[in-house]
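Listing of run_39.cif; format and content: mmCIF, C-alpha atoms.
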```cif
data_final
#
loop_
_atom_site.label_atom_id
_atom_site.label_comp_id
_atom_site.auth_asym_id
_atom_site.auth_seq_id
_atom_site.Cartn_x
_atom_site.Cartn_y
_atom_site.Cartn_z
CA MET Q 2 -25.91 -94.63 -29.61
CA SER Q 3 -27.08 -91.66 -27.58
CA ILE Q 4 -24.83 -89.93 -25.03
CA MET Q 5 -26.77 -91.45 -22.11
CA ASP Q 6 -26.27 -95.00 -23.46
CA ASP Q 7 -22.63 -94.18 -24.03
CA LEU Q 8 -22.23 -92.93 -20.44
CA ARG Q 9 -24.01 -96.05 -19.15
CA SER Q 10 -21.86 -98.47 -21.14
CA ARG Q 11 -18.65 -96.62 -20.16
CA TRP Q 12 -19.79 -96.24 -16.57
CA PHE Q 13 -16.32 -96.18 -15.01
CA ALA Q 14 -15.06 -93.18 -17.00
CA ALA Q 15 -18.49 -91.54 -16.65
CA THR Q 16 -18.47 -91.92 -12.87
CA LEU Q 17 -14.95 -90.46 -12.63
CA SER Q 18 -15.97 -87.51 -14.81
CA ILE Q 19 -19.14 -86.86 -12.79
CA ALA Q 20 -17.21 -87.10 -9.49
CA ALA Q 21 -14.60 -84.61 -10.76
CA ALA Q 22 -17.34 -82.26 -11.99
CA LEU Q 23 -19.04 -82.36 -8.58
CA PHE Q 24 -15.74 -81.81 -6.77
CA PHE Q 25 -14.86 -78.75 -8.84
CA THR Q 26 -18.39 -77.37 -8.56
CA GLY Q 27 -18.03 -77.61 -4.77
CA ALA Q 28 -14.56 -76.03 -4.85
CA LEU Q 29 -15.82 -73.16 -7.01
CA VAL Q 30 -18.83 -72.48 -4.77
CA PHE Q 31 -16.65 -72.63 -1.65
CA SER Q 32 -14.05 -70.29 -3.17
CA ALA Q 33 -16.72 -67.85 -4.37
CA MET Q 34 -18.25 -67.83 -0.87
CA THR Q 35 -14.79 -67.09 0.59
CA TYR Q 36 -14.55 -64.21 -1.87
CA VAL Q 37 -17.96 -62.92 -0.70
CA SER Q 38 -16.81 -63.22 2.90
CA VAL Q 39 -13.61 -61.24 2.14
CA MET Q 40 -15.68 -58.51 0.49
CA ASP Q 41 -17.97 -58.49 3.52
CA ALA Q 42 -14.97 -58.04 5.82
CA ARG Q 43 -13.51 -55.26 3.65
CA GLN Q 44 -16.78 -53.38 3.80
CA ASN Q 45 -17.79 -53.90 7.43
CA ILE Q 46 -14.63 -53.91 9.53
CA ARG Q 47 -14.43 -50.47 11.12
CA LEU Q 48 -13.13 -48.33 13.92
CA ALA Q 49 -15.70 -46.82 16.26
CA SER Q 50 -16.43 -45.20 19.61
CA ALA Q 51 -13.24 -43.19 20.03
CA ILE Q 52 -12.92 -41.38 23.35
CA GLU Q 53 -10.16 -38.79 23.64
CA THR Q 54 -9.10 -37.38 27.01
CA ALA Q 55 -6.45 -34.94 28.23
CA GLU Q 56 -5.83 -34.31 31.89
CA GLU Q 57 -3.42 -31.92 33.55
CA LEU Q 58 -1.77 -33.48 36.60
CA GLN Q 59 -0.83 -31.61 39.76
CA ASN Q 60 2.87 -31.68 38.87
CA GLY Q 61 2.10 -29.88 35.59
CA SER Q 62 2.44 -32.97 33.37
CA LEU Q 63 -0.17 -33.96 30.85
CA LEU Q 64 -1.93 -37.34 30.81
CA ILE Q 65 -3.35 -37.95 27.37
CA SER Q 66 -5.34 -40.99 26.30
CA LEU Q 67 -7.40 -42.57 23.55
CA THR Q 68 -9.86 -45.45 23.75
CA ILE Q 69 -11.08 -46.85 20.45
CA GLU Q 70 -12.87 -49.96 19.27
CA LEU Q 71 -12.10 -52.12 16.27
CA GLU Q 72 -15.26 -53.95 15.17
CA ASN Q 73 -14.95 -57.13 13.15
CA PRO Q 74 -18.47 -58.38 12.32
CA SER Q 75 -17.15 -60.54 9.46
CA ARG Q 76 -16.52 -64.30 9.30
CA GLN Q 77 -12.77 -63.68 8.91
CA VAL Q 78 -10.10 -63.55 11.60
CA LEU Q 79 -8.12 -60.35 11.50
CA HIS Q 80 -4.35 -60.72 11.95
CA ILE Q 81 -3.12 -57.34 13.15
CA THR Q 82 0.25 -56.36 11.70
CA SER Q 83 0.71 -52.86 13.08
CA LEU Q 84 -0.94 -50.41 15.41
CA SER Q 85 0.06 -46.82 15.86
CA TRP Q 86 -1.26 -43.92 17.86
CA SER Q 87 0.07 -40.42 17.75
CA VAL Q 88 -1.10 -37.13 19.17
CA ARG Q 89 -0.14 -33.82 17.63
CA ILE Q 90 -1.21 -30.24 17.66
CA TYR Q 91 -1.67 -28.63 14.27
CA ASN Q 92 -0.70 -25.00 14.52
CA TRP Q 93 -2.68 -23.71 11.53
CA SER Q 94 -1.88 -20.08 12.28
CA HIS Q 95 1.79 -20.84 11.60
CA PRO Q 96 2.71 -20.03 7.98
CA ASP Q 97 3.96 -23.62 7.41
CA GLY Q 98 1.16 -25.22 9.40
CA ALA Q 99 3.67 -26.45 11.98
CA LEU Q 100 3.15 -29.65 13.91
CA ILE Q 101 3.74 -30.02 17.61
CA PRO Q 102 4.28 -33.68 18.47
CA VAL Q 103 2.81 -34.67 21.83
CA ALA Q 104 2.73 -38.46 22.05
CA PHE Q 105 3.54 -41.43 19.84
CA VAL Q 106 3.14 -45.17 20.27
CA TYR Q 107 3.84 -47.79 17.59
CA THR Q 108 3.42 -51.50 18.15
CA VAL Q 109 3.98 -54.55 16.02
CA PRO Q 110 1.58 -56.97 17.65
CA THR Q 111 2.11 -60.69 18.15
CA GLU Q 112 -0.32 -63.43 17.16
CA PHE Q 113 -2.26 -62.76 20.38
CA ALA Q 114 -3.47 -59.50 18.90
CA ASP Q 115 -5.79 -61.29 16.43
CA VAL Q 116 -9.35 -60.05 16.29
CA GLY Q 117 -11.68 -63.02 16.02
CA LYS Q 118 -14.86 -63.44 13.98
CA GLY Q 119 -17.60 -61.15 15.24
CA GLU Q 120 -15.29 -59.73 17.93
CA VAL Q 121 -14.89 -56.13 19.08
CA LYS Q 122 -11.41 -55.24 20.31
CA VAL Q 123 -10.90 -52.21 22.52
CA TYR Q 124 -7.57 -50.40 22.29
CA ASP Q 125 -6.69 -48.29 25.27
CA TYR Q 126 -3.74 -45.92 24.92
CA GLU Q 127 -2.45 -43.61 27.62
CA GLN Q 128 0.71 -41.56 27.74
CA LEU Q 129 2.15 -39.28 30.38
CA VAL Q 130 3.70 -36.22 28.77
CA SER Q 131 6.27 -34.87 31.18
CA ASP Q 132 9.10 -33.92 28.82
CA PRO Q 133 9.74 -30.21 29.55
CA GLU Q 134 10.47 -29.52 25.88
CA VAL Q 135 7.13 -30.97 24.72
CA LEU Q 136 5.26 -29.20 27.52
CA SER Q 137 6.94 -25.90 26.71
CA ASN Q 138 5.94 -26.34 23.01
CA ILE Q 139 2.33 -26.88 24.06
CA ARG Q 140 2.43 -23.86 26.37
CA GLY Q 141 3.97 -21.85 23.55
CA PHE Q 142 1.00 -22.82 21.38
CA ILE Q 143 -1.42 -21.82 24.17
CA ASN Q 144 0.30 -18.41 24.48
CA HIS Q 145 0.36 -17.94 20.72
CA SER Q 146 -3.37 -18.76 20.52
CA ALA Q 147 -4.07 -16.35 23.37
CA SER Q 148 -2.38 -13.59 21.35
CA GLU Q 149 -4.96 -14.37 18.63
CA ASP Q 150 -7.85 -14.23 21.13
CA VAL Q 151 -8.30 -17.99 21.36
CA ASP Q 152 -8.02 -19.25 24.91
CA TYR Q 153 -6.83 -22.76 25.61
CA MET Q 154 -5.76 -24.64 28.70
CA LEU Q 155 -3.49 -27.67 28.70
CA GLU Q 156 -6.59 -29.90 28.82
CA THR Q 157 -8.55 -28.09 26.11
CA VAL Q 158 -5.89 -27.73 23.43
CA PRO Q 159 -7.20 -29.25 20.14
CA TYR Q 160 -5.06 -32.37 20.21
CA THR Q 161 -5.32 -34.35 16.99
CA HIS Q 162 -5.34 -38.08 17.62
CA ASP Q 163 -4.18 -40.28 14.76
CA PHE Q 164 -4.81 -43.99 15.26
CA ARG Q 165 -3.96 -46.47 12.50
CA VAL Q 166 -4.39 -50.18 12.30
CA ALA Q 167 -3.21 -52.52 9.54
CA ALA Q 168 -4.18 -56.18 9.31
CA TRP Q 169 -4.48 -59.23 7.06
CA LEU Q 170 -7.73 -61.10 6.61
CA GLY Q 171 -7.49 -64.78 7.51
CA ASP Q 172 -4.45 -66.49 6.00
CA TYR Q 173 -4.95 -65.03 2.56
CA GLU Q 174 -1.79 -62.95 2.44
CA HIS Q 175 -0.18 -63.68 -0.92
CA ASP Q 176 3.54 -64.29 -1.31
CA TYR Q 177 3.64 -62.59 -4.70
CA ASP Q 178 6.42 -62.99 -7.25
CA TYR Q 179 5.86 -59.96 -9.39
CA SER Q 180 4.01 -56.64 -9.39
CA LYS Q 181 1.05 -58.00 -11.37
CA GLU Q 182 0.01 -59.93 -8.27
CA LEU Q 183 -0.03 -56.98 -5.88
CA TYR Q 184 -3.83 -56.81 -6.15
CA LEU Q 185 -4.06 -60.12 -4.25
CA ASN Q 186 -2.56 -58.56 -1.14
CA ASP Q 187 -4.52 -55.33 -1.62
CA MET Q 188 -7.72 -57.35 -1.59
CA VAL Q 189 -7.06 -58.97 1.79
CA LYS Q 190 -5.30 -56.05 3.49
CA ILE Q 191 -7.35 -53.99 5.92
CA GLU Q 192 -6.18 -50.49 6.84
CA ARG Q 193 -8.33 -48.28 9.03
CA ARG Q 194 -7.60 -44.87 10.45
CA TYR Q 195 -9.06 -42.55 13.03
CA PHE Q 196 -7.79 -39.05 12.41
CA GLY Q 197 -9.00 -35.79 13.87
CA GLY Q 198 -12.38 -37.20 14.84
CA SER Q 199 -13.18 -38.95 11.57
CA TYR Q 200 -12.96 -42.63 10.64
CA THR Q 201 -11.58 -43.82 7.30
CA MET V 279 -19.07 -80.68 -40.74
CA ARG V 280 -22.75 -81.40 -40.17
CA ILE V 281 -23.93 -81.29 -36.58
CA LYS V 282 -27.18 -83.03 -35.69
CA ALA V 283 -29.40 -82.29 -32.70
CA ASP V 284 -28.06 -85.41 -31.02
CA ASP V 285 -24.48 -84.14 -31.41
CA TRP V 286 -25.39 -80.84 -29.74
CA LYS V 287 -26.99 -82.77 -26.89
CA ARG V 288 -23.84 -84.88 -26.54
CA ALA V 289 -21.64 -81.77 -26.56
CA LEU V 290 -23.81 -80.13 -23.89
CA VAL V 291 -23.82 -83.17 -21.59
CA LEU V 292 -20.04 -83.55 -21.93
CA SER V 293 -19.64 -79.82 -21.31
CA LEU V 294 -21.43 -80.24 -17.97
CA LEU V 295 -18.74 -82.74 -17.00
CA SER V 296 -15.76 -80.51 -17.85
CA ALA V 297 -17.03 -76.93 -17.44
CA PRO V 298 -16.92 -76.84 -13.57
CA ALA V 299 -13.21 -77.64 -13.59
CA ILE V 300 -12.54 -74.94 -16.19
CA ALA V 301 -14.61 -72.43 -14.20
CA PHE V 302 -12.70 -73.25 -11.04
CA MET V 303 -9.30 -73.02 -12.73
CA VAL V 304 -10.10 -69.63 -14.27
CA PHE V 305 -11.43 -68.26 -10.96
CA ASP V 306 -8.42 -69.71 -9.15
CA PHE V 307 -6.11 -68.02 -11.63
CA VAL V 308 -7.55 -64.63 -10.68
CA PHE V 309 -7.74 -65.25 -6.91
CA PRO V 310 -5.22 -67.99 -6.01
CA ASN V 311 -4.92 -66.74 -2.43
CA ILE V 312 -8.58 -67.21 -1.51
CA SER V 313 -9.55 -70.27 -3.55
CA THR V 314 -9.39 -73.83 -2.28
CA PRO V 315 -7.63 -76.02 -3.48
CA SER V 316 -5.40 -73.58 -5.35
CA LEU V 317 -3.18 -74.30 -8.36
CA ASP V 318 -1.16 -71.20 -7.37
CA LYS V 319 -1.06 -69.86 -10.93
CA ASN V 320 1.04 -72.83 -12.01
CA LEU V 321 0.58 -72.92 -15.79
CA LEU V 322 1.99 -76.43 -16.16
CA VAL V 323 -0.54 -77.81 -13.67
CA ALA V 324 -3.30 -75.81 -15.40
CA PHE V 325 -2.29 -77.33 -18.75
CA LEU V 326 -2.22 -80.89 -17.36
CA MET V 327 -5.61 -80.35 -15.72
CA ALA V 328 -6.98 -78.96 -18.99
CA ALA V 329 -5.73 -82.07 -20.81
CA LEU V 330 -7.34 -84.27 -18.15
CA PHE V 331 -10.69 -82.50 -18.50
CA GLY V 332 -10.48 -82.60 -22.29
CA THR V 333 -10.28 -86.40 -22.12
CA PRO V 334 -14.07 -87.05 -21.69
CA ALA V 335 -14.75 -84.98 -24.84
CA GLY V 336 -12.47 -87.31 -26.83
CA TYR V 337 -13.46 -90.47 -25.00
CA PHE V 338 -17.21 -90.06 -25.51
CA ASN V 339 -17.04 -88.59 -29.04
CA ARG V 340 -16.28 -90.71 -32.07
CA ARG V 341 -15.69 -87.73 -34.34
CA THR V 342 -12.70 -85.48 -33.68
CA ASP V 343 -14.37 -82.32 -35.03
CA HIS V 344 -17.30 -82.83 -32.64
CA ALA V 345 -14.89 -83.45 -29.79
CA ILE V 346 -13.02 -80.22 -30.51
CA LEU V 347 -16.33 -78.35 -30.76
CA THR V 348 -17.18 -79.79 -27.33
CA VAL V 349 -13.89 -78.38 -26.01
CA PHE V 350 -14.83 -74.89 -27.22
CA ILE V 351 -18.32 -75.21 -25.74
CA TYR V 352 -17.23 -76.37 -22.30
CA ILE V 353 -14.48 -73.74 -22.11
CA SER V 354 -17.00 -71.03 -23.01
CA ILE V 355 -19.49 -72.29 -20.41
CA GLY V 356 -16.72 -72.62 -17.80
CA TYR V 357 -15.48 -69.11 -18.51
CA VAL V 358 -18.97 -67.65 -18.15
CA ILE V 359 -19.43 -69.49 -14.83
CA ALA V 360 -16.04 -68.12 -13.68
CA VAL V 361 -17.15 -64.55 -14.52
CA ILE V 362 -20.32 -65.15 -12.47
CA ALA V 363 -18.22 -66.42 -9.52
CA TYR V 364 -15.90 -63.40 -9.91
CA SER V 365 -18.94 -61.11 -9.78
CA ALA V 366 -20.76 -63.04 -7.00
CA PRO V 367 -20.31 -60.38 -4.26
CA PHE V 368 -21.70 -57.72 -6.57
CA LEU V 369 -24.36 -59.79 -8.39
CA PHE V 370 -25.88 -61.59 -5.41
CA TYR V 371 -24.87 -59.29 -2.53
CA ASP V 372 -24.76 -55.56 -2.14
CA PHE V 373 -21.00 -55.04 -2.03
CA GLU V 374 -18.98 -52.28 -3.60
CA VAL V 375 -17.00 -53.24 -6.70
CA ILE V 376 -13.35 -53.50 -5.71
CA PHE V 377 -11.84 -52.49 -9.08
CA PRO V 378 -14.64 -50.30 -10.51
CA GLY V 379 -12.85 -48.80 -13.55
CA LEU V 380 -11.58 -51.92 -15.25
CA TYR V 381 -13.81 -54.53 -13.70
CA ILE V 382 -14.22 -56.93 -16.64
CA MET V 383 -11.02 -55.84 -18.42
CA PHE V 384 -9.08 -56.84 -15.32
CA PHE V 385 -10.57 -60.34 -15.47
CA LEU V 386 -9.89 -60.71 -19.20
CA ASN V 387 -6.36 -59.41 -18.80
CA MET V 388 -5.59 -61.87 -16.02
CA THR V 389 -7.07 -64.91 -17.78
CA VAL V 390 -6.25 -64.52 -21.46
CA ILE V 391 -3.09 -66.69 -21.37
CA PRO V 392 -4.60 -69.49 -19.23
CA LEU V 393 -7.64 -69.40 -21.54
CA MET V 394 -5.48 -70.21 -24.57
CA LEU V 395 -3.71 -72.87 -22.52
CA LEU V 396 -7.05 -74.41 -21.55
CA VAL V 397 -8.07 -74.65 -25.24
CA PHE V 398 -4.75 -76.21 -26.19
CA GLY V 399 -4.84 -78.55 -23.18
CA GLY V 400 -8.43 -79.50 -24.07
CA ILE V 401 -7.45 -80.46 -27.62
CA VAL V 402 -4.54 -82.54 -26.30
CA GLY V 403 -7.05 -84.13 -23.90
CA VAL V 404 -9.32 -84.99 -26.83
CA ILE V 405 -6.46 -86.88 -28.50
CA ILE V 406 -5.72 -88.75 -25.25
CA GLY V 407 -9.42 -89.53 -24.84
CA GLN V 408 -9.67 -90.94 -28.36
CA ILE V 409 -6.57 -93.07 -27.90
CA LEU V 410 -8.09 -94.43 -24.68
CA ARG V 411 -11.38 -95.14 -26.43
CA GLU V 412 -9.70 -96.95 -29.32
CA SER V 413 -7.61 -98.98 -26.92
CA TYR V 414 -10.72 -99.86 -24.91
CA GLU V 415 -12.65 -100.88 -28.03
CA ARG V 416 -9.74 -102.96 -29.35
CA GLU V 417 -9.58 -104.80 -26.05
CA GLU V 418 -13.37 -105.26 -26.03
CA THR V 419 -13.30 -106.70 -29.57
CA ALA V 420 -10.42 -109.02 -28.70
CA GLN V 421 -12.31 -110.30 -25.65
CA PHE V 422 -15.47 -110.75 -27.72
CA PHE V 423 -13.70 -112.90 -30.31
CA SER V 424 -11.78 -114.88 -27.71
CA LYS V 425 -15.13 -115.87 -26.20
CA GLN V 426 -16.45 -116.88 -29.65
CA HIS V 427 -13.65 -119.43 -30.26
#
```

Can the structure in the file be given as structure tokens, please?
Amino acid sequence: MSIMDDLRSRWFAATLSIAAALFFTGALVFSAMTYVSVMDARQNIRLASAIETAEELQNGSLLISLTIELENPSRQVLHITSLSWSVRIYNWSHPDGALIPVAFVYTVPTEFADVGKGEVKVYDYEQLVSDPEVLSNIRGFINHSASEDVDYMLETVPYTHDFRVAAWLGDYEHDYDYSKELYLNDMVKIERRYFGGSYT
Amino acid sequence: MRIKADDWKRALVLSLLSAPAIAFMVFDFVFPNISTPSLDKNLLVAFLMAALFGTPAGYFNRRTDHAILTVFIYISIGYVIAVIAYSAPFLFYDFEVIFPGLYIMFFLNMTVIPLMLLVFGGIVGVIIGQILRESYEREETAQFFSKQH
């Protein structure tokens, strides 16, 4: 008896086997397409269009701001877990390459901070720097630069903006039990950074 | 063991019934967080599923050696399909390889234990399938003779 006759005569078991085969074929294709979509998101989600501004107010304070876009062209929703923005001045002429902190904002967003499929989210940060100690550090840097024949004003100091965003793709975060499964979270974790004018 | 062309055909057709489940389970074992429905790396469930999908090989094969050969064939085909699914973003789309250095080694490393479990589960499934077949045939014979008298 050939296999086809056998399948026909045992039609009930054959039908169950064929149905299971079709189900798992569908599940495999769907899962592989999800995998493709995750790879797409990893490759194409990016920060863009950063605009940095620094303005000296009449009372001598400094208003510093950053506007930046997070583009999500993928088919995955992005659940933002942390956002941070800091502004510093790198004093390279100092032997230790000293840092002068200017502004810092860190936020742990709520569920409302999700970035939907194909959405572009604009982050707008602004901070008023009026702390006399911070302002005196900046002025110290300006004076120090002037002694090295580099002239800066409060508005033209080379402020280094550091913006970081961390997020999970969809609901694929894995509650791992041991270190061998760390790759699962690495695969669906998105971390992007804008630092000193470049995007990574 | 002599295998005729008809036996190969039978093994191939039965492999088409069981290989998709094996492919899915292997893929799911590597990426349980993105696959649907996921077995969540549960080896007991994987073993039971392997036994279930080994059943057709035993049920539709009269000879045990042919049935076990079918198990090896469908696991090989399933594994190859799983590797293709694992490579889908890089084979069919222009994406960067996520683990470039140990791309295939990573897959082998992750799936070597479930692979052995799938073979063992398949052989157990063959035994279950043959018991079911014998039981079915016994019942069929009994019904045939009860009609005769």

Quick one: apply the PyMOL selection byres ((chain V and resi 372) around 12) to the file and drop the selected residues here as a ChimeraX atom specification.
/Q:37,40-41,44-45 /V:365-371,373-375

Selection to disk with C-alpha atoms, as a short mmCIF file (atom, residue, chain, number, x, y, z; two decimals), in the coordinates of the input:
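Once written, part_18.cif looks like this:
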```cif
data_model
loop_
_atom_site.label_atom_id
_atom_site.label_comp_id
_atom_site.auth_asym_id
_atom_site.auth_seq_id
_atom_site.Cartn_x
_atom_site.Cartn_y
_atom_site.Cartn_z
CA VAL Q 37 -17.96 -62.92 -0.70
CA MET Q 40 -15.68 -58.51 0.49
CA ASP Q 41 -17.97 -58.49 3.52
CA GLN Q 44 -16.78 -53.38 3.80
CA ASN Q 45 -17.79 -53.90 7.43
CA SER V 365 -18.94 -61.11 -9.78
CA ALA V 366 -20.76 -63.04 -7.00
CA PRO V 367 -20.31 -60.38 -4.26
CA PHE V 368 -21.70 -57.72 -6.57
CA LEU V 369 -24.36 -59.79 -8.39
CA PHE V 370 -25.88 -61.59 -5.41
CA TYR V 371 -24.87 -59.29 -2.53
CA PHE V 373 -21.00 -55.04 -2.03
CA GLU V 374 -18.98 -52.28 -3.60
CA VAL V 375 -17.00 -53.24 -6.70
#
```

May I ask which of the residues V:Phe302, V:Trp286, V:Phe309, V:Tyr337 is the closest one to Asn186 in chain Q, counting only C-alpha atoms?
V:Phe309

What residues come out when you apply the PyMOL selection byres ((chain Q) within 8 of (chain V)) to this file, written as an NGL selection string?
:Q and (3-4 or 7-8 or 14 or 18-19 or 21-23 or 25-26 or 28-33 or 35-37 or 40-41 or 44 or 173-175 or 185 or 188)

Please return the centre and edge lengths, in Å to one decimal, of a box with edges along x, y and z that contains all listed atoms of range 60-68 of chain Q, widened by 8 Å on every side, as lines of an AutoDock Vina configuration file.
```
center_x = -3.5
center_y = -37.7
center_z = 31.2
size_x = 28.7
size_y = 31.6
size_z = 31.3
```

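Using all atoms listed in the file, the nearest neighbour of Ser62 in chain Q within the list Q:Leu183, Q:Val130, Q:Leu170, Q:Ile46 is Q:Val130.
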
Could you list the residues chosen by the PyMOL selection byres ((chain Q and resi 79) around 7) in this structure as a PyMOL selection string?
chain Q and resi 77-78+80-81+115-117+168-171

Quick one: residues within 7 Å of range 191-201 of chain Q, all atoms listed in the file, excluding same-chain residues fewer than 2 positions away - as number ranges by chain?
Q: 43, 47-48, 161-169, 189

If we count only C-alpha atoms, what is near Asn138 in chain Q at a cut-off of 7 Å, once residues fewer than 4 positions away on the same chain are taken out, given as a ChimeraX atom specification?
/Q:101,134,142

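The gap separating CA of Ile405 in chain V from CA of Phe350 in chain V is 14.7 Å, in Å to one decimal.
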
Pick the closest to Lys118 in chain Q from Q:Lys190, Q:Lys181, Q:Arg76, Q:Arg11: which is it, counting only C-alpha atoms?
Q:Arg76

Could you pull range 346-353 of chain V out of the block above and save it with all heavy atoms, as a PDB file, in the first residue's frame?
```
ATOM      1  N   ILE V 346      12.121   5.061  12.239  1.00  0.00           N
ATOM      2  CA  ILE V 346      13.213   5.805  12.900  1.00  0.00           C
ATOM      3  C   ILE V 346      14.011   6.596  11.860  1.00  0.00           C
ATOM      4  O   ILE V 346      14.404   7.738  12.113  1.00  0.00           O
ATOM      5  CB  ILE V 346      14.101   4.848  13.734  1.00  0.00           C
ATOM      6  CG1 ILE V 346      13.285   4.384  14.956  1.00  0.00           C
ATOM      7  CG2 ILE V 346      15.389   5.524  14.189  1.00  0.00           C
ATOM      8  CD1 ILE V 346      13.927   3.317  15.795  1.00  0.00           C
ATOM      9  N   LEU V 347      14.182   6.012  10.682  1.00  0.00           N
ATOM     10  CA  LEU V 347      14.846   6.747   9.594  1.00  0.00           C
ATOM     11  C   LEU V 347      14.034   8.007   9.252  1.00  0.00           C
ATOM     12  O   LEU V 347      14.598   9.088   9.041  1.00  0.00           O
ATOM     13  CB  LEU V 347      14.968   5.845   8.358  1.00  0.00           C
ATOM     14  CG  LEU V 347      15.606   6.512   7.147  1.00  0.00           C
ATOM     15  CD1 LEU V 347      17.103   6.698   7.360  1.00  0.00           C
ATOM     16  CD2 LEU V 347      15.359   5.707   5.880  1.00  0.00           C
ATOM     17  N   THR V 348      12.710   7.853   9.231  1.00  0.00           N
ATOM     18  CA  THR V 348      11.838   9.006   8.960  1.00  0.00           C
ATOM     19  C   THR V 348      12.054  10.101  10.010  1.00  0.00           C
ATOM     20  O   THR V 348      12.092  11.293   9.681  1.00  0.00           O
ATOM     21  CB  THR V 348      10.363   8.557   8.952  1.00  0.00           C
ATOM     22  OG1 THR V 348      10.225   7.473   8.045  1.00  0.00           O
ATOM     23  CG2 THR V 348       9.436   9.674   8.562  1.00  0.00           C
ATOM     24  N   VAL V 349      12.221   9.673  11.270  1.00  0.00           N
ATOM     25  CA  VAL V 349      12.468  10.659  12.345  1.00  0.00           C
ATOM     26  C   VAL V 349      13.732  11.464  12.033  1.00  0.00           C
ATOM     27  O   VAL V 349      13.731  12.695  12.104  1.00  0.00           O
ATOM     28  CB  VAL V 349      12.595   9.951  13.725  1.00  0.00           C
ATOM     29  CG1 VAL V 349      13.106  10.914  14.790  1.00  0.00           C
ATOM     30  CG2 VAL V 349      11.263   9.369  14.137  1.00  0.00           C
ATOM     31  N   PHE V 350      14.793  10.762  11.659  1.00  0.00           N
ATOM     32  CA  PHE V 350      16.052  11.467  11.353  1.00  0.00           C
ATOM     33  C   PHE V 350      15.882  12.408  10.156  1.00  0.00           C
ATOM     34  O   PHE V 350      16.417  13.515  10.150  1.00  0.00           O
ATOM     35  CB  PHE V 350      17.184  10.458  11.100  1.00  0.00           C
ATOM     36  CG  PHE V 350      17.716   9.870  12.379  1.00  0.00           C
ATOM     37  CD1 PHE V 350      17.434   8.558  12.743  1.00  0.00           C
ATOM     38  CD2 PHE V 350      18.472  10.634  13.252  1.00  0.00           C
ATOM     39  CE1 PHE V 350      17.912   8.014  13.933  1.00  0.00           C
ATOM     40  CE2 PHE V 350      18.951  10.112  14.455  1.00  0.00           C
ATOM     41  CZ  PHE V 350      18.664   8.800  14.792  1.00  0.00           C
ATOM     42  N   ILE V 351      15.111  11.938   9.163  1.00  0.00           N
ATOM     43  CA  ILE V 351      14.930  12.780   7.964  1.00  0.00           C
ATOM     44  C   ILE V 351      14.132  14.033   8.307  1.00  0.00           C
ATOM     45  O   ILE V 351      14.529  15.144   7.954  1.00  0.00           O
ATOM     46  CB  ILE V 351      14.254  11.971   6.827  1.00  0.00           C
ATOM     47  CG1 ILE V 351      15.204  10.887   6.325  1.00  0.00           C
ATOM     48  CG2 ILE V 351      13.845  12.879   5.670  1.00  0.00           C
ATOM     49  CD1 ILE V 351      14.583   9.922   5.336  1.00  0.00           C
ATOM     50  N   TYR V 352      13.006  13.863   9.027  1.00  0.00           N
ATOM     51  CA  TYR V 352      12.199  15.071   9.277  1.00  0.00           C
ATOM     52  C   TYR V 352      12.889  16.038  10.243  1.00  0.00           C
ATOM     53  O   TYR V 352      12.718  17.246  10.134  1.00  0.00           O
ATOM     54  CB  TYR V 352      10.747  14.741   9.666  1.00  0.00           C
ATOM     55  CG  TYR V 352      10.465  14.288  11.078  1.00  0.00           C
ATOM     56  CD1 TYR V 352      10.640  15.120  12.168  1.00  0.00           C
ATOM     57  CD2 TYR V 352       9.946  13.017  11.315  1.00  0.00           C
ATOM     58  CE1 TYR V 352      10.335  14.710  13.450  1.00  0.00           C
ATOM     59  CE2 TYR V 352       9.625  12.598  12.593  1.00  0.00           C
ATOM     60  CZ  TYR V 352       9.836  13.446  13.665  1.00  0.00           C
ATOM     61  OH  TYR V 352       9.536  13.030  14.928  1.00  0.00           O
ATOM     62  N   ILE V 353      13.705  15.498  11.157  1.00  0.00           N
ATOM     63  CA  ILE V 353      14.444  16.411  12.049  1.00  0.00           C
ATOM     64  C   ILE V 353      15.506  17.171  11.251  1.00  0.00           C
ATOM     65  O   ILE V 353      15.684  18.380  11.438  1.00  0.00           O
ATOM     66  CB  ILE V 353      15.024  15.659  13.259  1.00  0.00           C
ATOM     67  CG1 ILE V 353      13.875  15.309  14.201  1.00  0.00           C
ATOM     68  CG2 ILE V 353      16.068  16.514  14.001  1.00  0.00           C
ATOM     69  CD1 ILE V 353      14.240  14.496  15.393  1.00  0.00           C
TER      70      ILE V 353
END
```
